[in-house]
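To start, the structure under review is shown below, and the notes come after it.
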Amino acid sequence: MRPQRLLILLALASAPLLSACVLDSATVRDAAQSAGFTPKPPQSADFVVQSRRENTDYLPVGVSAPPRTIRAKSATGVKDLEADLDASRRRNEAKGKDAAKAVVPAAR
């Protein structure tokens, strides 16, 4: 067999193995680390380890967030809230007008 064909066959045979490394599969990565083909990951500095929280509330990738306990207001609920806020605004404006009348103008 010619050397060129041998190299091509070797490249084709090793392609699936090398492409598995690209997928970052834990099995392939761990096997490569234990065989000594990859460097060991560096240890985190002490201040980094100490500053990390033990219980994080992060969701793992691929996990959906839990359903919310508070539901959104219905259309009638939103309209009722708007009416309450408008009434409160009108009361505050009326109180402001009354307060402005009570202020004595500055002497000239």
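Letters A, B, ... mark the chains of the structure tokens in the order given; residue numbers begin at 1 per chain; ligand numbers begin at 1, in order shown.
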Could you give me, as a PyMOL selection string, each residue of chain A that DSSP assigns to helix (DSSP H, G or I) when run on this structure's backbone? chain A and resi 3-22+26-35+46-51+75-102
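As for atom CA of Phe37 of chain A and atom CA of Leu7 of chain A, they are spaced 21.6 Å apart.
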